[in-house]
file coords12.csv (CSV, C-alpha atoms)
chain,number,residue,atom,x,y,z
A,19,MET,CA,5.0,1.3,-9.3
A,20,CYS,CA,2.8,2.8,-6.5
A,21,THR,CA,3.2,4.6,-3.1
A,22,ALA,CA,1.5,3.4,0.1
A,23,LEU,CA,1.4,5.0,3.5
A,24,SER,CA,0.1,4.8,7.0
A,25,TYR,CA,-1.0,8.0,8.7
A,26,LYS,CA,-2.3,8.8,12.1
A,27,SER,CA,-4.4,11.9,12.9
A,28,LYS,CA,-7.3,11.6,15.4
A,29,ASN,CA,-8.0,8.3,13.6
A,30,HIS,CA,-5.7,6.0,11.7
A,31,TYR,CA,-5.6,6.1,7.9
A,32,PHE,CA,-4.0,3.8,5.4
A,33,GLY,CA,-3.9,4.0,1.6
A,34,ARG,CA,-2.0,4.2,-1.6
A,35,ASN,CA,-1.7,5.4,-5.2
A,36,LEU,CA,-2.3,2.7,-7.7
A,37,ASP,CA,0.1,3.4,-10.5
A,38,VAL,CA,-0.5,1.2,-13.4
A,39,GLU,CA,-0.7,1.5,-17.2
A,40,ARG,CA,-4.1,0.0,-17.8
A,41,SER,CA,-7.3,-1.0,-16.0
A,42,TYR,CA,-7.7,-4.4,-14.3
A,43,ASN,CA,-11.4,-3.8,-13.7
A,44,GLU,CA,-10.5,-2.8,-10.2
A,45,SER,CA,-13.5,-2.5,-7.9
A,46,ILE,CA,-14.2,-1.9,-4.2
A,47,VAL,CA,-14.9,-5.4,-2.8
A,48,ILE,CA,-16.3,-6.4,0.6
A,49,THR,CA,-15.6,-10.0,1.7
A,50,PRO,CA,-17.9,-11.0,4.5
A,51,ARG,CA,-17.0,-13.3,7.3
A,52,ASN,CA,-18.4,-16.5,5.8
A,53,PHE,CA,-17.1,-16.2,2.3
A,54,GLY,CA,-14.9,-19.3,1.8
A,55,PHE,CA,-11.3,-18.8,0.8
A,56,ASP,CA,-9.9,-21.9,-0.8
A,57,PHE,CA,-6.1,-21.7,-0.8
A,58,ARG,CA,-4.0,-23.6,-3.3
A,59,PHE,CA,-1.9,-25.4,-0.7
A,60,ALA,CA,-3.1,-24.5,2.8
A,61,ASN,CA,-6.3,-25.5,4.5
A,62,PRO,CA,-9.4,-23.5,3.4
A,63,MET,CA,-10.6,-20.5,5.5
A,64,ASN,CA,-14.4,-20.7,5.7
A,65,THR,CA,-14.8,-18.2,8.6
A,66,HIS,CA,-12.6,-15.1,9.0
A,67,HIS,CA,-12.6,-11.4,9.7
A,68,ALA,CA,-14.6,-9.3,7.2
A,69,ILE,CA,-12.5,-7.3,4.7
A,70,ILE,CA,-13.0,-4.3,2.4
A,71,GLY,CA,-10.5,-3.1,-0.2
A,72,MET,CA,-9.7,-2.6,-3.9
A,73,ALA,CA,-9.5,-5.8,-5.9
A,74,ALA,CA,-9.9,-7.3,-9.3
A,75,VAL,CA,-12.4,-10.2,-9.1
A,76,PHE,CA,-11.7,-13.3,-11.2
A,77,ASP,CA,-13.6,-16.6,-10.9
A,78,ASN,CA,-15.4,-15.1,-7.8
A,79,TYR,CA,-12.0,-14.6,-6.1
A,80,PRO,CA,-11.0,-11.1,-4.9
A,81,LEU,CA,-7.4,-10.3,-5.9
A,82,TYR,CA,-6.8,-7.5,-3.4
A,83,PHE,CA,-4.5,-4.6,-4.2
A,84,ASP,CA,-5.0,-3.2,-0.7
A,85,ALA,CA,-7.5,-3.8,2.1
A,86,VAL,CA,-8.4,-3.4,5.7
A,87,ASN,CA,-10.2,-5.9,8.0
A,88,GLU,CA,-12.8,-5.3,10.7
A,89,LYS,CA,-10.0,-5.3,13.3
A,90,SER,CA,-8.3,-2.2,11.7
A,91,LEU,CA,-5.4,-4.2,10.3
A,92,SER,CA,-4.4,-3.0,6.7
A,93,ILE,CA,-2.2,-4.2,3.9
A,94,ALA,CA,-1.1,-3.0,0.5
A,95,GLY,CA,0.8,-5.0,-2.1
A,96,LEU,CA,3.2,-2.9,-4.3
A,97,ASN,CA,5.2,-3.9,-7.4
A,98,PHE,CA,8.6,-5.3,-6.7
A,99,PRO,CA,10.0,-6.5,-10.0
A,100,ASN,CA,13.4,-8.3,-10.2
A,101,ASN,CA,13.6,-8.5,-6.4
A,102,ALA,CA,10.6,-10.6,-5.4
A,103,VAL,CA,11.6,-14.2,-5.3
A,104,TYR,CA,8.9,-16.7,-4.2
A,105,GLY,CA,9.8,-20.1,-2.8
A,106,GLU,CA,9.2,-23.7,-3.6
A,107,TYR,CA,6.8,-25.9,-1.6
A,108,VAL,CA,8.0,-26.5,2.0
A,109,SER,CA,6.1,-29.2,3.9
A,110,GLU,CA,6.8,-27.8,7.4
A,111,LYS,CA,5.2,-24.5,6.5
A,112,GLU,CA,1.9,-23.1,5.5
A,113,ASN,CA,2.4,-22.5,1.8
A,114,ILE,CA,0.6,-19.3,0.6
A,115,ALA,CA,0.5,-17.9,-2.9
A,116,PRO,CA,1.3,-14.2,-3.3
A,117,PHE,CA,-2.3,-13.5,-4.4
A,118,GLU,CA,-3.6,-15.2,-1.2
A,119,LEU,CA,-1.4,-13.3,1.3
A,120,ILE,CA,-3.8,-10.4,1.9
A,121,PRO,CA,-6.9,-12.5,2.6
A,122,TYR,CA,-4.8,-15.0,4.6
A,123,ILE,CA,-3.4,-12.3,6.9
A,124,LEU,CA,-6.4,-10.1,7.1
A,125,GLY,CA,-8.7,-13.1,7.6
A,126,SER,CA,-6.9,-14.3,10.7
A,127,CYS,CA,-4.9,-11.4,12.3
A,128,LYS,CA,-6.0,-8.4,14.3
A,129,ASN,CA,-2.6,-6.5,14.7
A,130,ILE,CA,1.0,-6.5,13.8
A,131,ALA,CA,1.9,-8.8,16.7
A,132,ASP,CA,-0.4,-11.4,15.2
A,133,VAL,CA,1.0,-10.8,11.7
A,134,LYS,CA,4.6,-11.5,12.8
A,135,LEU,CA,3.6,-14.7,14.5
A,136,LYS,CA,1.7,-15.8,11.4
A,137,LEU,CA,4.6,-14.9,9.0
A,138,ASN,CA,6.9,-17.2,11.0
A,139,LYS,CA,4.8,-20.1,10.0
A,140,ILE,CA,4.3,-19.4,6.3
A,141,ASN,CA,6.2,-19.8,3.0
A,142,ILE,CA,5.2,-17.5,0.2
A,143,ILE,CA,5.2,-20.0,-2.7
A,144,HIS,CA,5.5,-19.3,-6.4
A,145,CYS,CA,2.1,-19.9,-7.9
A,146,ASN,CA,0.2,-18.4,-10.8
A,147,PHE,CA,-3.5,-17.6,-10.3
A,148,ASN,CA,-4.1,-19.1,-13.7
A,149,ASP,CA,-2.5,-19.3,-17.2
A,150,ASN,CA,-3.5,-15.7,-18.0
A,151,LEU,CA,-2.5,-14.2,-14.6
A,152,PRO,CA,1.0,-15.1,-13.6
A,153,ALA,CA,2.4,-14.4,-10.1
A,154,THR,CA,3.0,-10.7,-9.6
A,155,PRO,CA,6.3,-9.6,-8.0
A,156,LEU,CA,5.2,-7.8,-4.8
A,157,HIS,CA,6.3,-6.6,-1.5
A,158,TRP,CA,3.8,-5.4,1.2
A,159,LEU,CA,3.2,-2.6,3.6
A,160,ILE,CA,1.3,-3.9,6.6
A,161,ALA,CA,0.0,-1.6,9.4
A,162,ASP,CA,-2.2,-1.4,12.5
A,163,ARG,CA,-3.0,1.8,14.4
A,164,GLU,CA,0.4,1.8,16.2
A,165,ARG,CA,3.1,0.6,13.8
A,166,ALA,CA,3.9,-0.6,10.3
A,167,ILE,CA,6.1,-3.3,8.8
A,168,THR,CA,7.4,-4.1,5.3
A,169,LEU,CA,7.4,-7.6,4.1
A,170,GLU,CA,9.7,-8.8,1.3
A,171,ASN,CA,10.5,-12.2,-0.1
A,172,THR,CA,13.8,-12.1,-2.0
A,173,LYS,CA,16.6,-14.4,-3.0
A,174,ASP,CA,17.6,-14.2,0.7
A,175,GLY,CA,14.2,-15.5,1.8
A,176,MET,CA,11.5,-13.7,3.8
A,177,ARG,CA,12.5,-10.5,5.4
A,178,ILE,CA,10.4,-8.4,7.8
A,179,PHE,CA,11.4,-4.8,8.4
A,180,ASP,CA,10.0,-2.5,11.1
A,181,ASN,CA,8.9,0.6,9.1
A,182,PRO,CA,9.0,3.7,11.3
A,183,PHE,CA,8.2,5.9,8.3
A,184,GLY,CA,4.9,4.2,7.4
A,185,VAL,CA,5.8,4.6,3.7
A,186,LEU,CA,6.5,2.1,1.0
A,187,THR,CA,7.2,2.5,-2.7
A,188,ASN,CA,9.0,0.0,-5.0
A,189,ASN,CA,12.6,-1.0,-5.9
A,190,PRO,CA,15.2,-1.3,-4.6
A,191,THR,CA,14.8,-3.5,-1.5
A,192,PHE,CA,13.6,-1.8,1.7
A,193,ASP,CA,17.0,-1.8,3.4
A,194,PHE,CA,18.2,0.6,0.6
A,195,HIS,CA,15.3,3.0,1.4
A,196,LEU,CA,16.2,2.9,5.1
A,197,GLN,CA,19.8,3.9,4.3
A,198,ASN,CA,19.0,6.4,1.5
A,199,ILE,CA,16.6,8.4,3.6
A,200,ASN,CA,19.5,9.4,5.8
A,201,SER,CA,20.8,11.6,3.0
A,202,TYR,CA,17.8,13.9,3.4
A,203,MET,CA,17.8,14.5,7.2
A,204,HIS,CA,18.6,18.1,6.6
A,205,LEU,CA,15.3,18.9,4.9
A,206,HIS,CA,12.9,21.1,6.8
A,207,GLU,CA,9.9,23.3,6.1
A,208,GLY,CA,11.5,26.6,7.1
A,209,ALA,CA,14.0,29.1,5.7
A,210,ASN,CA,17.5,28.0,4.7
A,211,GLU,CA,20.4,28.8,7.0
A,212,ASN,CA,23.7,30.2,5.8
A,213,ARG,CA,26.3,27.8,7.0
A,214,LEU,CA,28.7,28.3,4.1
A,215,SER,CA,30.0,31.7,5.2
A,216,PRO,CA,28.3,34.3,7.4
A,217,ALA,CA,30.5,36.9,5.8
A,218,LEU,CA,28.8,36.4,2.4
A,219,PRO,CA,25.5,38.0,1.5
A,220,PHE,CA,23.3,34.9,1.1
A,221,GLU,CA,19.5,35.3,1.6
A,222,ASN,CA,16.4,33.3,1.2
A,223,TYR,CA,14.7,34.6,-2.0
A,224,SER,CA,11.7,32.3,-1.6
A,225,LEU,CA,9.6,30.4,0.9
A,226,GLY,CA,10.3,26.7,1.1
A,227,MET,CA,14.1,26.8,0.6
A,228,GLY,CA,14.7,24.6,3.7
A,229,ALA,CA,13.5,21.8,1.4
A,230,LEU,CA,16.0,22.4,-1.4
A,231,GLY,CA,17.2,19.0,-2.6
A,232,LEU,CA,13.8,17.3,-2.0
A,233,PRO,CA,13.4,14.9,-4.9
A,234,GLY,CA,10.7,15.6,-7.4
A,235,ASP,CA,11.1,12.9,-10.0
A,236,PHE,CA,8.9,9.8,-10.2
A,237,SER,CA,11.5,7.1,-9.3
A,238,SER,CA,10.6,4.9,-6.4
A,239,ALA,CA,13.5,6.1,-4.3
A,240,SER,CA,12.5,9.7,-4.8
A,241,ARG,CA,8.8,9.1,-4.2
A,242,PHE,CA,9.8,7.4,-0.9
A,243,VAL,CA,11.8,10.4,0.3
A,244,LYS,CA,9.1,12.9,-0.8
A,245,ALA,CA,6.3,10.9,0.8
A,246,VAL,CA,8.2,10.7,4.1
A,247,PHE,CA,8.9,14.5,4.0
A,248,VAL,CA,5.3,15.5,3.2
A,249,LYS,CA,3.8,13.0,5.6
A,250,GLN,CA,6.1,14.1,8.5
A,251,LYS,CA,5.5,17.8,7.9
A,252,SER,CA,1.7,17.4,7.4
A,253,ILE,CA,-0.5,19.4,9.7
A,254,CYS,CA,-4.1,18.3,10.1
A,255,GLY,CA,-6.9,19.6,12.2
A,256,GLY,CA,-8.2,16.1,13.0
A,257,SER,CA,-11.7,16.1,11.7
A,258,GLU,CA,-12.7,13.3,9.3
A,259,LYS,CA,-13.0,15.8,6.4
A,260,GLU,CA,-9.6,17.4,7.1
A,261,SER,CA,-7.8,14.1,7.7
A,262,VAL,CA,-9.1,12.4,4.5
A,263,GLY,CA,-8.4,15.5,2.5
A,264,GLN,CA,-4.9,15.8,3.9
A,265,PHE,CA,-4.2,12.1,3.2
A,266,PHE,CA,-5.1,12.6,-0.5
A,267,HIS,CA,-2.9,15.7,-0.7
A,268,ILE,CA,0.0,13.7,0.6
A,269,LEU,CA,-0.7,11.0,-2.1
A,270,GLN,CA,-1.1,13.7,-4.7
A,271,SER,CA,2.4,15.0,-4.0
A,272,VAL,CA,3.8,11.7,-5.4
A,273,ALA,CA,1.2,10.9,-8.0
A,274,MET,CA,2.1,10.3,-11.6
A,275,PRO,CA,0.4,12.3,-14.4
A,276,MET,CA,-0.2,10.5,-17.6
A,277,GLY,CA,2.6,10.9,-20.1
A,278,CYS,CA,5.4,11.4,-17.5
A,279,VAL,CA,6.5,7.7,-17.0
A,280,LEU,CA,7.1,5.7,-20.2
A,281,MET,CA,7.3,1.9,-19.9
A,282,PRO,CA,9.5,-0.3,-22.1
A,283,ASN,CA,6.4,-1.5,-23.9
A,284,GLY,CA,5.6,2.0,-25.0
A,285,GLU,CA,2.7,2.5,-22.6
A,286,TYR,CA,2.5,5.1,-19.9
A,287,GLU,CA,2.2,4.3,-16.2
A,288,TYR,CA,0.1,6.8,-14.2
A,289,THR,CA,-1.9,7.1,-11.0
A,290,ARG,CA,-5.2,5.5,-12.0
A,291,CYS,CA,-6.7,5.4,-8.5
A,292,SER,CA,-5.9,6.7,-5.0
A,293,CYS,CA,-7.4,5.5,-1.8
A,294,CYS,CA,-7.6,6.5,1.9
A,295,ILE,CA,-9.0,4.0,4.4
A,296,ASN,CA,-10.2,5.1,7.8
A,297,THR,CA,-9.1,1.9,9.5
A,298,ASP,CA,-11.0,2.7,12.7
A,299,THR,CA,-14.4,2.8,10.9
A,300,GLN,CA,-13.3,0.7,7.9
A,301,THR,CA,-14.5,3.4,5.5
A,302,TYR,CA,-12.9,3.2,2.1
A,303,TYR,CA,-12.4,6.5,0.3
A,304,TYR,CA,-11.2,6.7,-3.2
A,305,ASN,CA,-10.9,8.8,-6.3
A,306,THR,CA,-9.7,8.2,-9.9
A,307,TYR,CA,-7.4,9.9,-12.4
A,308,HIS,CA,-10.3,11.3,-14.5
A,309,ASP,CA,-12.5,12.1,-11.5
A,310,GLN,CA,-11.0,13.6,-8.4
A,311,THR,CA,-14.3,13.5,-6.6
A,312,VAL,CA,-13.8,11.5,-3.4
A,313,ARG,CA,-16.3,8.7,-3.0
A,314,LYS,CA,-16.6,6.1,-0.2
A,315,GLU,CA,-17.9,2.7,0.6
A,316,GLU,CA,-18.2,1.3,4.1
A,317,LEU,CA,-17.5,-2.2,5.4
A,318,ASN,CA,-20.6,-2.1,7.7
A,319,SER,CA,-22.9,-1.2,4.9
A,320,VAL,CA,-23.5,-4.9,4.2
A,321,ASP,CA,-24.3,-8.1,6.2
A,322,LEU,CA,-20.9,-9.1,7.4
A,323,ASN,CA,-22.2,-12.5,8.3
A,324,GLY,CA,-22.9,-13.3,4.7
A,325,ASN,CA,-21.1,-15.6,2.3
A,326,LYS,CA,-21.1,-13.6,-1.0
A,327,LEU,CA,-18.8,-10.9,-2.2
A,328,THR,CA,-20.2,-7.3,-2.6
A,329,VAL,CA,-18.6,-5.5,-5.5
A,330,PHE,CA,-18.8,-1.8,-6.1
A,331,GLN,CA,-17.7,-0.8,-9.6
A,332,ILE,CA,-15.4,2.2,-9.8
A,333,GLU,CA,-16.3,4.9,-12.2
A,334,GLN,CA,-13.0,5.6,-14.1

call {"tool": "encode", "arguments": {"input": "coords12.csv", "output": "structure tokens"}}
result
Amino acid sequence: MCTALSYKSKNHYFGRNLDVERSYNESIVITPRNFGFDFRFANPMNTHHAIIGMAAVFDNYPLYFDAVNEKSLSIAGLNFPNNAVYGEYVSEKENIAPFELIPYILGSCKNIADVKLKLNKINIIHCNFNDNLPATPLHWLIADRERAITLENTKDGMRIFDNPFGVLTNNPTFDFHLQNINSYMHLHEGANENRLSPALPFENYSLGMGALGLPGDFSSASRFVKAVFVKQKSICGGSEKESVGQFFHILQSVAMPMGCVLMPNGEYEYTRCSCCINTDTQTYYYNTYHDQTVRKEELNSVDLNGNKLTVFQIEQ
């Protein structure tokens, strides 16, 4: 599952809830400029923009869930089951595996204009990381300071949507969310208005009645609507402390408590981690389900001209 969003206060922030049923030994990982990325089908990338994000590291390779590069471009991959369809090898394209997409884009692009040019040249190819880690069905929220896009690879091929909401959840496909959100344009933060009959004695018996009908369940369609509403109505003073705190409050409004979302295999999906990245300073803030204390790691805390990963273990 998961919810990701792009949010602009005085600075630009990007982050997500990581909603999963178990740990993947996720860590905060910094990839410096000279760490070599060997791609399965494309040419290696030996020098690139530095990256910080949450990843699971296998065989010295960072499998990023979300990340930002030193140019303030950010990406999050979200679960997209039954809709993600990856292609076969295409000789005229740069063939990139799903787990390679985040480093491939962040390593070479500085903004959304660069990303769109890069995406025109690539084919997202079906490829497992190894026998124990099959290709994960994903779609992606990609953002710079000014705009966001959604990237999906379905049976209809690659589709790139401008995302004016700066929000992404999961199924159905993004065109559904763009249509569905129109059903909630009446929601607002104020009192309800009597439009049924002024002759009848209706009254607001509670604050917040302007938002009656706002979804509160944990489905991806409902989380999309609620995240858009809370983000759009969010008021923030603009300091770093206020902005980061407000970002986590927005994420908390669509977080999953353990025990509320039962999976077919009998396990419960819940919000294991949440993150907020100040993309201007490349500061990665995060907390976990069992410890709501906000911690941080900074891209510039290490030698960015190095060639080795820096891994900060997350305390669950």

call {"tool": "residues_around", "arguments": {"input": "coords12.csv", "residues": "Leu81 of chain A", "least_positions_apart": "6", "cutoff": "10 Å", "atoms": "all atoms listed in the file", "output": "list in words"}}
result
Glu44, Val47, Gly71, Met72, Ala73, Ala74, Val75, Pro116, Phe117, Glu118, Leu119, Ile120, Pro121 and Phe147 of chain A

call {"tool": "residues_around", "arguments": {"input": "coords12.csv", "residues": "segment 311-328 of chain A", "least_positions_apart": "3", "cutoff": "7 Å", "atoms": "only C-alpha atoms", "output": "PDB file with C-alpha atoms, in the frame of the given file"}}
result
ATOM      1  CA  VAL A  47     -14.900  -5.400  -2.800  1.00  0.00           C
ATOM      2  CA  ILE A  48     -16.300  -6.400   0.600  1.00  0.00           C
ATOM      3  CA  THR A  49     -15.600 -10.000   1.700  1.00  0.00           C
ATOM      4  CA  PRO A  50     -17.900 -11.000   4.500  1.00  0.00           C
ATOM      5  CA  ARG A  51     -17.000 -13.300   7.300  1.00  0.00           C
ATOM      6  CA  ASN A  52     -18.400 -16.500   5.800  1.00  0.00           C
ATOM      7  CA  PHE A  53     -17.100 -16.200   2.300  1.00  0.00           C
ATOM      8  CA  ALA A  68     -14.600  -9.300   7.200  1.00  0.00           C
ATOM      9  CA  ILE A  70     -13.000  -4.300   2.400  1.00  0.00           C
ATOM     10  CA  GLN A 300     -13.300   0.700   7.900  1.00  0.00           C
ATOM     11  CA  THR A 301     -14.500   3.400   5.500  1.00  0.00           C
ATOM     12  CA  TYR A 302     -12.900   3.200   2.100  1.00  0.00           C
ATOM     13  CA  TYR A 303     -12.400   6.500   0.300  1.00  0.00           C
ATOM     14  CA  TYR A 304     -11.200   6.700  -3.200  1.00  0.00           C
ATOM     15  CA  ASN A 305     -10.900   8.800  -6.300  1.00  0.00           C
TER      16      ASN A 305
END

call {"tool": "closest_residue", "arguments": {"input": "coords12.csv", "among": "A:Ser201, A:Asn138, A:Ser252, A:Thr299", "to": "Ser240 of chain A", "atoms": "all atoms listed in the file"}}
result
A:Ser201

call {"tool": "closest_atom_pairs", "arguments": {"input": "coords12.csv", "of": "segment 77-138 of chain A", "to": "segment 29-41 of chain A", "cutoff": "10 Å", "atoms": "only C-alpha atoms", "output": "Markdown table"}}
result
| residue | atom | partner | partner_atom | distance |
| --- | --- | --- | --- | --- |
| A:Phe83 | CA | A:Leu36 | CA | 8.4 |
| A:Asp84 | CA | A:Gly33 | CA | 7.6 |
| A:Ala85 | CA | A:Gly33 | CA | 8.6 |
| A:Val86 | CA | A:Phe32 | CA | 8.4 |
| A:Ser90 | CA | A:His30 | CA | 8.6 |
| A:Leu91 | CA | A:Phe32 | CA | 9.5 |
| A:Ser92 | CA | A:Phe32 | CA | 6.9 |
| A:Ile93 | CA | A:Phe32 | CA | 8.3 |
| A:Ala94 | CA | A:Arg34 | CA | 7.6 |
| A:Gly95 | CA | A:Arg34 | CA | 9.6 |
| A:Leu96 | CA | A:Leu36 | CA | 8.6 |
| A:Asn97 | CA | A:Asp37 | CA | 9.4 |

call {"tool": "atom_distance", "arguments": {"input": "coords12.csv", "atom1": "atom CA of Arg213 of chain A", "atom2": "atom CA of Gly226 of chain A"}}
result
17.1 Å

call {"tool": "closest_residue", "arguments": {"input": "coords12.csv", "among": "A:Asn148, A:Gln331, A:Asn283, A:Asn188", "to": "Glu170 of chain A", "atoms": "all atoms listed in the file"}}
result
A:Asn188

call {"tool": "residues_around", "arguments": {"input": "coords12.csv", "residues": "Glu112 of chain A", "least_positions_apart": "3", "cutoff": "6 Å", "atoms": "only C-alpha atoms", "output": "PyMOL selection string"}}
result
chain A and resi 60+140-141

call {"tool": "atom_distance", "arguments": {"input": "coords12.csv", "atom1": "atom CA of Leu205 of chain A", "atom2": "atom CA of Met227 of chain A"}}
result
9.1 Å

call {"tool": "atom_distance", "arguments": {"input": "coords12.csv", "atom1": "atom CA of Ser24 of chain A", "atom2": "atom CA of Gly184 of chain A"}}
result
4.9 Å

call {"tool": "closest_residue", "arguments": {"input": "coords12.csv", "among": "A:Tyr122, A:Tyr82, A:Phe98, A:Phe183", "to": "Leu196 of chain A", "atoms": "all atoms listed in the file"}}
result
A:Phe183

call {"tool": "residues_near_point", "arguments": {"input": "coords12.csv", "point": "(-11.9, -11.7, 14.8)", "cutoff": "9 Å", "atoms": "all atoms listed in the file", "output": "number ranges by chain"}}
result
A: 66-68, 88-89, 125-128

call {"tool": "residues_around", "arguments": {"input": "coords12.csv", "residues": "Glu260 of chain A", "least_positions_apart": "6", "cutoff": "10 Å", "atoms": "all atoms listed in the file", "output": "mmCIF file with C-alpha atoms, in the frame of the given file"}}
result
data_model
loop_
_atom_site.group_PDB
_atom_site.id
_atom_site.type_symbol
_atom_site.label_atom_id
_atom_site.label_comp_id
_atom_site.auth_asym_id
_atom_site.auth_seq_id
_atom_site.Cartn_x
_atom_site.Cartn_y
_atom_site.Cartn_z
ATOM 1 C CA SER A 27 -4.400 11.900 12.900
ATOM 2 C CA ILE A 253 -0.500 19.400 9.700
ATOM 3 C CA CYS A 254 -4.100 18.300 10.100
#

call {"tool": "closest_residue", "arguments": {"input": "coords12.csv", "among": "A:Cys20, A:Met63, A:Val243, A:Val108", "to": "Ile143 of chain A", "atoms": "all atoms listed in the file"}}
result
A:Val108

call {"tool": "closest_residue", "arguments": {"input": "coords12.csv", "among": "A:Asp193, A:Arg177, A:Gly255, A:Ala239", "to": "Lys134 of chain A", "atoms": "all atoms listed in the file"}}
result
A:Arg177

call {"tool": "closest_residue", "arguments": {"input": "coords12.csv", "among": "A:Tyr42, A:Tyr104, A:Phe265, A:Tyr25", "to": "Gly175 of chain A", "atoms": "all atoms listed in the file"}}
result
A:Tyr104

call {"tool": "residues_near_point", "arguments": {"input": "coords12.csv", "point": "(19.5, 28.8, 3.9)", "cutoff": "8 Å", "atoms": "all atoms listed in the file", "output": "list in words"}}
result
Ala209, Asn210, Glu211, Asn212, Arg213, Phe220, Glu221, Asn222, Met227 and Gly228 of chain A

call {"tool": "residues_around", "arguments": {"input": "coords12.csv", "residues": "Tyr286 of chain A", "least_positions_apart": "4", "cutoff": "7 Å", "atoms": "all atoms listed in the file", "output": "ChimeraX atom specification"}}
result
/A:39,276-277,279-281

call {"tool": "build_atoms", "arguments": {"input": "coords12.csv", "residues": "segment 93-104 of chain A", "atoms": "N, CA, C and O atoms", "output": "compact mmCIF listing (two decimals), in the frame of the given file"}}
result
# COMPACT_ATOMS: atom_id res chain seq x y z
N ILE A 93 -3.31 -3.76 4.72
CA ILE A 93 -2.20 -4.20 3.90
C ILE A 93 -2.34 -3.62 2.49
O ILE A 93 -3.45 -3.49 1.96
N ALA A 94 -1.19 -3.31 1.88
CA ALA A 94 -1.10 -3.00 0.50
C ALA A 94 0.01 -3.73 -0.18
O ALA A 94 1.11 -3.81 0.39
N GLY A 95 -0.24 -4.30 -1.35
CA GLY A 95 0.80 -5.00 -2.10
C GLY A 95 1.30 -4.02 -3.21
O GLY A 95 0.49 -3.43 -3.94
N LEU A 96 2.62 -3.86 -3.34
CA LEU A 96 3.20 -2.90 -4.30
C LEU A 96 4.18 -3.70 -5.21
O LEU A 96 4.83 -4.67 -4.78
N ASN A 97 4.30 -3.21 -6.43
CA ASN A 97 5.20 -3.90 -7.40
C ASN A 97 6.61 -3.91 -6.94
O ASN A 97 7.14 -2.91 -6.43
N PHE A 98 7.25 -5.06 -7.15
CA PHE A 98 8.60 -5.30 -6.70
C PHE A 98 9.38 -6.14 -7.68
O PHE A 98 9.89 -7.20 -7.37
N PRO A 99 9.46 -5.65 -8.93
CA PRO A 99 10.00 -6.50 -10.00
C PRO A 99 11.53 -6.70 -9.81
O PRO A 99 12.25 -5.84 -9.28
N ASN A 100 11.98 -7.87 -10.26
CA ASN A 100 13.40 -8.30 -10.20
C ASN A 100 13.94 -8.49 -8.83
O ASN A 100 15.09 -8.91 -8.69
N ASN A 101 13.15 -8.23 -7.83
CA ASN A 101 13.60 -8.50 -6.40
C ASN A 101 12.74 -9.52 -5.74
O ASN A 101 13.24 -10.24 -4.88
N ALA A 102 11.45 -9.58 -6.07
CA ALA A 102 10.60 -10.60 -5.40
C ALA A 102 10.95 -11.97 -5.93
O ALA A 102 10.98 -12.22 -7.13
N VAL A 103 11.25 -12.85 -5.00
CA VAL A 103 11.60 -14.20 -5.30
C VAL A 103 10.71 -15.10 -4.37
O VAL A 103 10.88 -15.06 -3.15
N TYR A 104 9.80 -15.86 -4.95
CA TYR A 104 8.90 -16.70 -4.20
C TYR A 104 9.51 -18.12 -4.09
O TYR A 104 10.23 -18.56 -4.99
